[in-house]
$ cat start_23.txt   # compact mmCIF, all heavy atoms
# COMPACT_ATOMS: atom_id res chain seq x y z
N MET A 888 23.46 -19.91 31.14
CA MET A 888 23.72 -20.16 29.74
C MET A 888 22.78 -19.30 28.89
O MET A 888 21.58 -19.27 29.10
CB MET A 888 23.47 -21.65 29.46
CG MET A 888 23.75 -22.06 28.07
SD MET A 888 23.69 -23.86 27.99
CE MET A 888 23.03 -24.03 26.40
N GLU A 889 23.34 -18.60 27.95
CA GLU A 889 22.54 -17.73 27.09
C GLU A 889 22.14 -18.47 25.82
O GLU A 889 22.91 -19.26 25.28
CB GLU A 889 23.35 -16.49 26.71
CG GLU A 889 23.60 -15.55 27.87
CD GLU A 889 24.34 -14.31 27.40
OE1 GLU A 889 24.31 -14.02 26.19
OE2 GLU A 889 24.93 -13.66 28.25
N ILE A 890 20.96 -18.17 25.37
CA ILE A 890 20.48 -18.76 24.12
C ILE A 890 20.70 -17.72 23.02
O ILE A 890 20.21 -16.60 23.10
CB ILE A 890 18.99 -19.13 24.21
CG1 ILE A 890 18.79 -20.17 25.31
CG2 ILE A 890 18.48 -19.62 22.87
CD1 ILE A 890 17.34 -20.49 25.56
N ALA A 891 21.49 -18.09 22.04
CA ALA A 891 21.77 -17.18 20.93
C ALA A 891 20.53 -17.07 20.05
O ALA A 891 19.86 -18.04 19.76
CB ALA A 891 22.96 -17.69 20.12
N GLU A 892 20.27 -15.82 19.65
CA GLU A 892 19.13 -15.59 18.78
C GLU A 892 19.51 -15.99 17.36
O GLU A 892 20.52 -15.56 16.83
CB GLU A 892 18.76 -14.10 18.80
CG GLU A 892 17.31 -13.87 19.10
CD GLU A 892 17.01 -12.39 19.10
OE1 GLU A 892 17.13 -11.79 20.15
OE2 GLU A 892 16.64 -11.89 18.02
N CYS A 893 18.75 -16.83 16.77
CA CYS A 893 19.03 -17.31 15.42
C CYS A 893 17.99 -16.71 14.47
O CYS A 893 16.81 -17.03 14.56
CB CYS A 893 18.98 -18.84 15.37
SG CYS A 893 19.34 -19.47 13.74
N LYS A 894 18.45 -15.82 13.60
CA LYS A 894 17.54 -15.20 12.64
C LYS A 894 17.79 -15.82 11.27
O LYS A 894 18.91 -15.91 10.81
CB LYS A 894 17.77 -13.70 12.58
CG LYS A 894 17.39 -13.00 13.86
CD LYS A 894 17.50 -11.51 13.69
CE LYS A 894 17.08 -10.83 14.98
NZ LYS A 894 17.16 -9.39 14.88
N ASP A 895 16.73 -16.23 10.67
CA ASP A 895 16.81 -16.83 9.34
C ASP A 895 16.81 -15.70 8.31
O ASP A 895 15.87 -14.91 8.24
CB ASP A 895 15.62 -17.75 9.12
CG ASP A 895 15.69 -18.53 7.82
OD1 ASP A 895 16.73 -18.43 7.14
OD2 ASP A 895 14.72 -19.22 7.50
N PRO A 896 17.85 -15.58 7.51
CA PRO A 896 17.90 -14.48 6.53
C PRO A 896 16.77 -14.55 5.51
O PRO A 896 16.33 -13.54 5.00
CB PRO A 896 19.26 -14.64 5.85
CG PRO A 896 19.79 -15.95 6.26
CD PRO A 896 19.04 -16.40 7.47
N ARG A 897 16.26 -15.76 5.24
CA ARG A 897 15.16 -15.88 4.28
C ARG A 897 13.90 -15.18 4.80
O ARG A 897 13.18 -14.54 4.04
CB ARG A 897 14.86 -17.34 3.98
CG ARG A 897 15.96 -18.00 3.16
CD ARG A 897 15.67 -19.45 2.98
NE ARG A 897 15.82 -20.10 4.29
CZ ARG A 897 15.60 -21.36 4.54
NH1 ARG A 897 15.21 -22.15 3.57
NH2 ARG A 897 15.77 -21.86 5.72
N ASN A 898 13.65 -15.29 6.10
CA ASN A 898 12.49 -14.61 6.68
C ASN A 898 12.65 -13.11 6.62
O ASN A 898 11.69 -12.38 6.40
CB ASN A 898 12.26 -15.07 8.12
CG ASN A 898 11.68 -16.45 8.19
OD1 ASN A 898 11.07 -16.92 7.23
ND2 ASN A 898 11.87 -17.13 9.30
N HIS A 899 13.88 -12.64 6.81
CA HIS A 899 14.13 -11.20 6.75
C HIS A 899 13.79 -10.67 5.35
O HIS A 899 13.16 -9.63 5.21
CB HIS A 899 15.60 -10.92 7.09
CG HIS A 899 15.98 -9.49 6.96
ND1 HIS A 899 15.52 -8.52 7.84
CD2 HIS A 899 16.75 -8.85 6.05
CE1 HIS A 899 15.99 -7.35 7.47
NE2 HIS A 899 16.75 -7.52 6.39
N TYR A 900 14.23 -11.39 4.32
CA TYR A 900 13.94 -10.95 2.95
C TYR A 900 12.45 -11.03 2.65
O TYR A 900 11.89 -10.14 2.01
CB TYR A 900 14.72 -11.79 1.93
CG TYR A 900 16.21 -11.60 2.03
CD1 TYR A 900 17.06 -12.67 2.21
CD2 TYR A 900 16.77 -10.33 1.96
CE1 TYR A 900 18.43 -12.48 2.30
CE2 TYR A 900 18.13 -10.13 2.06
CZ TYR A 900 18.96 -11.21 2.23
OH TYR A 900 20.31 -11.03 2.33
N LYS A 901 11.79 -12.06 3.12
CA LYS A 901 10.34 -12.18 2.91
C LYS A 901 9.60 -11.04 3.60
O LYS A 901 8.66 -10.47 3.04
CB LYS A 901 9.83 -13.52 3.43
CG LYS A 901 10.22 -14.70 2.58
CD LYS A 901 9.68 -15.98 3.17
CE LYS A 901 10.13 -17.19 2.38
NZ LYS A 901 9.66 -18.44 3.00
N ASP A 902 10.02 -10.69 4.80
CA ASP A 902 9.39 -9.58 5.51
C ASP A 902 9.57 -8.27 4.76
O ASP A 902 8.66 -7.46 4.65
CB ASP A 902 9.95 -9.44 6.93
CG ASP A 902 9.49 -10.55 7.84
OD1 ASP A 902 8.50 -11.23 7.49
OD2 ASP A 902 10.11 -10.74 8.91
N ALA A 903 10.77 -8.07 4.22
CA ALA A 903 11.04 -6.85 3.46
C ALA A 903 10.17 -6.79 2.21
O ALA A 903 9.62 -5.74 1.88
CB ALA A 903 12.52 -6.79 3.09
N ILE A 904 10.04 -7.90 1.52
CA ILE A 904 9.19 -7.95 0.32
C ILE A 904 7.74 -7.67 0.69
O ILE A 904 7.04 -6.90 0.03
CB ILE A 904 9.34 -9.31 -0.39
CG1 ILE A 904 10.72 -9.42 -1.01
CG2 ILE A 904 8.25 -9.49 -1.46
CD1 ILE A 904 11.05 -10.80 -1.53
N ASN A 905 7.26 -8.28 1.77
CA ASN A 905 5.88 -8.07 2.19
C ASN A 905 5.63 -6.61 2.56
O ASN A 905 4.57 -6.06 2.25
CB ASN A 905 5.54 -8.98 3.37
CG ASN A 905 5.37 -10.41 2.93
OD1 ASN A 905 5.08 -10.68 1.77
ND2 ASN A 905 5.58 -11.34 3.85
N ARG A 906 6.60 -5.98 3.22
CA ARG A 906 6.43 -4.56 3.57
C ARG A 906 6.32 -3.71 2.32
O ARG A 906 5.49 -2.81 2.23
CB ARG A 906 7.60 -4.09 4.44
CG ARG A 906 7.50 -4.52 5.88
CD ARG A 906 8.50 -3.76 6.73
NE ARG A 906 9.87 -3.99 6.32
CZ ARG A 906 10.65 -4.97 6.75
NH1 ARG A 906 10.19 -5.83 7.63
NH2 ARG A 906 11.90 -5.08 6.32
N ARG A 907 7.16 -3.99 1.32
CA ARG A 907 7.10 -3.22 0.07
C ARG A 907 5.78 -3.42 -0.64
O ARG A 907 5.18 -2.47 -1.15
CB ARG A 907 8.26 -3.62 -0.84
CG ARG A 907 9.59 -3.10 -0.37
CD ARG A 907 10.67 -3.35 -1.42
NE ARG A 907 11.95 -3.29 -0.78
CZ ARG A 907 12.76 -4.34 -0.61
NH1 ARG A 907 12.41 -5.52 -1.08
NH2 ARG A 907 13.92 -4.21 -0.01
N LEU A 908 5.31 -4.65 -0.70
CA LEU A 908 4.05 -4.93 -1.37
C LEU A 908 2.89 -4.23 -0.65
O LEU A 908 1.98 -3.70 -1.28
CB LEU A 908 3.80 -6.44 -1.44
CG LEU A 908 4.73 -7.22 -2.36
CD1 LEU A 908 4.46 -8.71 -2.22
CD2 LEU A 908 4.55 -6.78 -3.80
N TYR A 909 2.93 -4.23 0.69
CA TYR A 909 1.86 -3.59 1.46
C TYR A 909 1.85 -2.08 1.21
O TYR A 909 0.81 -1.48 1.03
CB TYR A 909 2.06 -3.88 2.95
CG TYR A 909 0.96 -3.32 3.81
CD1 TYR A 909 -0.32 -3.86 3.78
CD2 TYR A 909 1.20 -2.24 4.64
CE1 TYR A 909 -1.33 -3.35 4.56
CE2 TYR A 909 0.20 -1.72 5.43
CZ TYR A 909 -1.06 -2.28 5.39
OH TYR A 909 -2.06 -1.75 6.17
N LYS A 910 3.04 -1.48 1.15
CA LYS A 910 3.11 -0.04 0.88
C LYS A 910 2.56 0.28 -0.50
O LYS A 910 1.85 1.26 -0.68
CB LYS A 910 4.55 0.46 1.00
CG LYS A 910 5.04 0.55 2.42
CD LYS A 910 6.46 1.06 2.48
CE LYS A 910 6.96 1.10 3.90
NZ LYS A 910 8.35 1.54 3.99
N ARG A 911 2.88 -0.57 -1.48
CA ARG A 911 2.36 -0.34 -2.84
C ARG A 911 0.85 -0.48 -2.87
O ARG A 911 0.16 0.25 -3.57
CB ARG A 911 2.99 -1.32 -3.82
CG ARG A 911 4.43 -1.01 -4.11
CD ARG A 911 5.01 -1.95 -5.11
NE ARG A 911 6.43 -1.70 -5.27
CZ ARG A 911 7.27 -2.58 -5.75
NH1 ARG A 911 6.84 -3.76 -6.12
NH2 ARG A 911 8.54 -2.28 -5.88
N LEU A 912 0.32 -1.42 -2.12
CA LEU A 912 -1.13 -1.61 -2.08
C LEU A 912 -1.81 -0.37 -1.53
O LEU A 912 -2.83 0.08 -2.06
CB LEU A 912 -1.47 -2.83 -1.21
CG LEU A 912 -2.95 -3.14 -1.02
CD1 LEU A 912 -3.60 -3.46 -2.36
CD2 LEU A 912 -3.13 -4.28 -0.05
N ILE A 913 -1.25 0.22 -0.48
CA ILE A 913 -1.82 1.43 0.10
C ILE A 913 -1.77 2.58 -0.91
O ILE A 913 -2.73 3.34 -1.05
CB ILE A 913 -1.08 1.80 1.40
CG1 ILE A 913 -1.40 0.77 2.48
CG2 ILE A 913 -1.46 3.20 1.86
CD1 ILE A 913 -0.62 0.94 3.75
N ILE A 914 -0.67 2.69 -1.63
CA ILE A 914 -0.55 3.75 -2.64
C ILE A 914 -1.59 3.58 -3.73
O ILE A 914 -2.24 4.54 -4.16
CB ILE A 914 0.88 3.77 -3.23
CG1 ILE A 914 1.87 4.23 -2.17
CG2 ILE A 914 0.96 4.65 -4.47
CD1 ILE A 914 3.32 4.07 -2.57
N VAL A 915 -1.81 2.36 -4.18
CA VAL A 915 -2.80 2.09 -5.23
C VAL A 915 -4.21 2.38 -4.72
O VAL A 915 -5.00 3.02 -5.42
CB VAL A 915 -2.68 0.63 -5.72
CG1 VAL A 915 -3.85 0.26 -6.61
CG2 VAL A 915 -1.38 0.42 -6.46
N GLU A 916 -4.51 1.97 -3.49
CA GLU A 916 -5.84 2.25 -2.94
C GLU A 916 -6.07 3.75 -2.81
O GLU A 916 -7.16 4.24 -3.10
CB GLU A 916 -5.98 1.58 -1.58
CG GLU A 916 -6.13 0.07 -1.66
CD GLU A 916 -6.22 -0.58 -0.29
OE1 GLU A 916 -5.99 0.11 0.72
OE2 GLU A 916 -6.51 -1.78 -0.24
N THR A 917 -5.05 4.49 -2.39
CA THR A 917 -5.17 5.94 -2.27
C THR A 917 -5.41 6.57 -3.64
O THR A 917 -6.25 7.47 -3.78
CB THR A 917 -3.90 6.52 -1.63
OG1 THR A 917 -3.69 5.90 -0.37
CG2 THR A 917 -4.02 8.01 -1.43
N ALA A 918 -4.69 6.11 -4.65
CA ALA A 918 -4.86 6.66 -6.00
C ALA A 918 -6.25 6.38 -6.53
O ALA A 918 -6.88 7.26 -7.13
CB ALA A 918 -3.80 6.06 -6.93
N ILE A 919 -6.76 5.19 -6.31
CA ILE A 919 -8.12 4.85 -6.76
C ILE A 919 -9.14 5.74 -6.07
O ILE A 919 -10.06 6.26 -6.71
CB ILE A 919 -8.42 3.36 -6.49
CG1 ILE A 919 -7.57 2.48 -7.42
CG2 ILE A 919 -9.90 3.05 -6.66
CD1 ILE A 919 -7.61 1.01 -7.08
N HIS A 920 -8.97 5.96 -4.78
CA HIS A 920 -9.90 6.82 -4.03
C HIS A 920 -9.86 8.26 -4.57
O HIS A 920 -10.90 8.89 -4.74
CB HIS A 920 -9.54 6.80 -2.54
CG HIS A 920 -10.40 7.70 -1.73
ND1 HIS A 920 -11.72 7.40 -1.45
CD2 HIS A 920 -10.15 8.89 -1.14
CE1 HIS A 920 -12.23 8.37 -0.72
NE2 HIS A 920 -11.30 9.28 -0.52
N ARG A 921 -8.67 8.76 -4.85
CA ARG A 921 -8.55 10.13 -5.36
C ARG A 921 -9.20 10.28 -6.72
O ARG A 921 -9.87 11.28 -6.99
CB ARG A 921 -7.08 10.54 -5.42
CG ARG A 921 -6.48 10.75 -4.06
CD ARG A 921 -5.05 11.16 -4.15
NE ARG A 921 -4.50 11.37 -2.82
CZ ARG A 921 -3.25 11.63 -2.57
NH1 ARG A 921 -2.38 11.69 -3.56
NH2 ARG A 921 -2.83 11.81 -1.34
N VAL A 922 -9.00 9.30 -7.60
CA VAL A 922 -9.62 9.35 -8.93
C VAL A 922 -11.14 9.30 -8.79
O VAL A 922 -11.86 10.02 -9.47
CB VAL A 922 -9.09 8.21 -9.82
CG1 VAL A 922 -9.91 8.07 -11.09
CG2 VAL A 922 -7.62 8.44 -10.14
N PHE A 923 -11.64 8.45 -7.90
CA PHE A 923 -13.08 8.35 -7.68
C PHE A 923 -13.65 9.70 -7.23
O PHE A 923 -14.66 10.16 -7.76
CB PHE A 923 -13.37 7.27 -6.63
CG PHE A 923 -14.81 7.16 -6.25
CD1 PHE A 923 -15.73 6.58 -7.11
CD2 PHE A 923 -15.26 7.65 -5.03
CE1 PHE A 923 -17.07 6.48 -6.75
CE2 PHE A 923 -16.58 7.55 -4.68
CZ PHE A 923 -17.49 6.97 -5.53
N CYS A 924 -12.98 10.34 -6.27
CA CYS A 924 -13.45 11.64 -5.78
C CYS A 924 -13.38 12.71 -6.86
O CYS A 924 -14.28 13.53 -6.99
CB CYS A 924 -12.64 12.07 -4.56
SG CYS A 924 -12.93 11.05 -3.11
N LEU A 925 -12.31 12.68 -7.64
CA LEU A 925 -12.16 13.65 -8.73
C LEU A 925 -13.25 13.46 -9.77
O LEU A 925 -13.84 14.43 -10.25
CB LEU A 925 -10.78 13.50 -9.37
CG LEU A 925 -10.45 14.49 -10.49
CD1 LEU A 925 -10.45 15.90 -9.95
CD2 LEU A 925 -9.10 14.16 -11.09
N ASN A 926 -13.55 12.22 -10.12
CA ASN A 926 -14.61 11.94 -11.09
C ASN A 926 -15.95 12.46 -10.59
O ASN A 926 -16.72 13.03 -11.36
CB ASN A 926 -14.70 10.45 -11.38
CG ASN A 926 -13.61 9.97 -12.31
OD1 ASN A 926 -12.99 10.76 -12.99
ND2 ASN A 926 -13.38 8.68 -12.31
N ARG A 927 -16.23 12.25 -9.32
CA ARG A 927 -17.50 12.74 -8.76
C ARG A 927 -17.57 14.26 -8.85
O ARG A 927 -18.61 14.83 -9.19
CB ARG A 927 -17.65 12.30 -7.31
CG ARG A 927 -17.95 10.82 -7.19
CD ARG A 927 -18.10 10.40 -5.76
NE ARG A 927 -19.06 11.22 -5.06
CZ ARG A 927 -19.15 11.29 -3.74
NH1 ARG A 927 -18.35 10.59 -2.98
NH2 ARG A 927 -20.06 12.05 -3.16
N THR A 928 -16.46 14.95 -8.55
CA THR A 928 -16.43 16.41 -8.59
C THR A 928 -16.62 16.91 -10.01
O THR A 928 -17.39 17.83 -10.26
CB THR A 928 -15.09 16.92 -8.02
OG1 THR A 928 -14.92 16.40 -6.71
CG2 THR A 928 -15.07 18.42 -7.97
N VAL A 929 -15.91 16.30 -10.97
CA VAL A 929 -16.00 16.72 -12.37
C VAL A 929 -17.40 16.48 -12.89
O VAL A 929 -17.97 17.33 -13.58
CB VAL A 929 -14.94 15.98 -13.22
CG1 VAL A 929 -15.19 16.19 -14.70
CG2 VAL A 929 -13.55 16.45 -12.82
N LEU A 930 -17.99 15.34 -12.59
CA LEU A 930 -19.33 15.05 -13.07
C LEU A 930 -20.35 16.03 -12.47
O LEU A 930 -21.28 16.45 -13.16
CB LEU A 930 -19.72 13.61 -12.71
CG LEU A 930 -19.00 12.53 -13.51
CD1 LEU A 930 -19.38 11.15 -12.97
CD2 LEU A 930 -19.33 12.63 -14.98
N LEU A 931 -20.17 16.43 -11.23
CA LEU A 931 -21.07 17.39 -10.61
C LEU A 931 -20.96 18.75 -11.30
O LEU A 931 -21.99 19.38 -11.61
CB LEU A 931 -20.75 17.52 -9.12
CG LEU A 931 -21.63 18.51 -8.34
CD1 LEU A 931 -23.08 18.03 -8.34
CD2 LEU A 931 -21.11 18.67 -6.94
N VAL A 932 -19.76 19.17 -11.62
CA VAL A 932 -19.56 20.45 -12.30
C VAL A 932 -20.15 20.40 -13.70
O VAL A 932 -20.80 21.35 -14.14
CB VAL A 932 -18.05 20.80 -12.36
CG1 VAL A 932 -17.79 21.98 -13.29
CG2 VAL A 932 -17.52 21.09 -10.96
N VAL A 933 -19.98 19.29 -14.40
CA VAL A 933 -20.55 19.15 -15.75
C VAL A 933 -22.05 19.19 -15.69
O VAL A 933 -22.71 19.85 -16.53
CB VAL A 933 -20.04 17.83 -16.40
CG1 VAL A 933 -20.82 17.52 -17.67
CG2 VAL A 933 -18.56 17.94 -16.68
N GLN A 934 -22.66 18.56 -14.71
CA GLN A 934 -24.11 18.57 -14.59
C GLN A 934 -24.63 19.97 -14.27
O GLN A 934 -25.67 20.39 -14.78
CB GLN A 934 -24.56 17.59 -13.50
CG GLN A 934 -24.43 16.14 -13.91
CD GLN A 934 -24.82 15.20 -12.77
OE1 GLN A 934 -25.04 15.64 -11.64
NE2 GLN A 934 -24.87 13.91 -13.07
N LEU A 935 -23.91 20.71 -13.44
CA LEU A 935 -24.34 22.05 -13.07
C LEU A 935 -24.21 23.02 -14.21
O LEU A 935 -25.01 23.96 -14.33
CB LEU A 935 -23.55 22.55 -11.85
CG LEU A 935 -23.82 21.82 -10.53
CD1 LEU A 935 -22.89 22.34 -9.45
CD2 LEU A 935 -25.28 21.98 -10.10
N THR A 936 -23.20 22.87 -15.06
CA THR A 936 -23.01 23.80 -16.17
C THR A 936 -23.73 23.38 -17.44
O THR A 936 -23.89 24.17 -18.35
CB THR A 936 -21.50 23.94 -16.50
OG1 THR A 936 -20.97 22.65 -16.85
CG2 THR A 936 -20.74 24.52 -15.34
N GLY A 937 -24.15 22.11 -17.50
CA GLY A 937 -24.75 21.58 -18.73
C GLY A 937 -26.18 21.66 -18.73
O GLY A 937 -27.13 22.19 -18.84

$ encode --input "start_23.txt" --output "structure tokens"
Amino acid sequence: MEIAECKDPRNHYKDAINRRLYKRLIIVETAIHRVFCLNRTVLLVVQLTG
């Protein structure tokens, strides 16, 4: 006797939402890191020329 796999569609939608939110979080963290690095570079150049 085989046991049919029962997938709850609500869990599928929740998983999809969580994946999207996680991807957005990574994008935001990457953007914050890039701005931080850019600010450090710009401030170093300003200090060297000023």

$ select_by_dssp --input "start_23.txt" --residues "chain A" --states "helix (DSSP H, G or I)" --output "ChimeraX atom specification"
/A:896-936

$ atom_distance --input "start_23.txt" --atom1 "atom C of Leu908 (chain A)" --atom2 "atom C of Arg927 (chain A)"
28.8 Å

$ atom_distance --input "start_23.txt" --atom1 "CD1 of Ile913 (chain A)" --atom2 "CG of Asn898 (chain A)"
21.8 Å

$ atom_distance --input "start_23.txt" --atom1 "atom O of Lys901 (chain A)" --atom2 "atom C of Val915 (chain A)"
19.8 Å
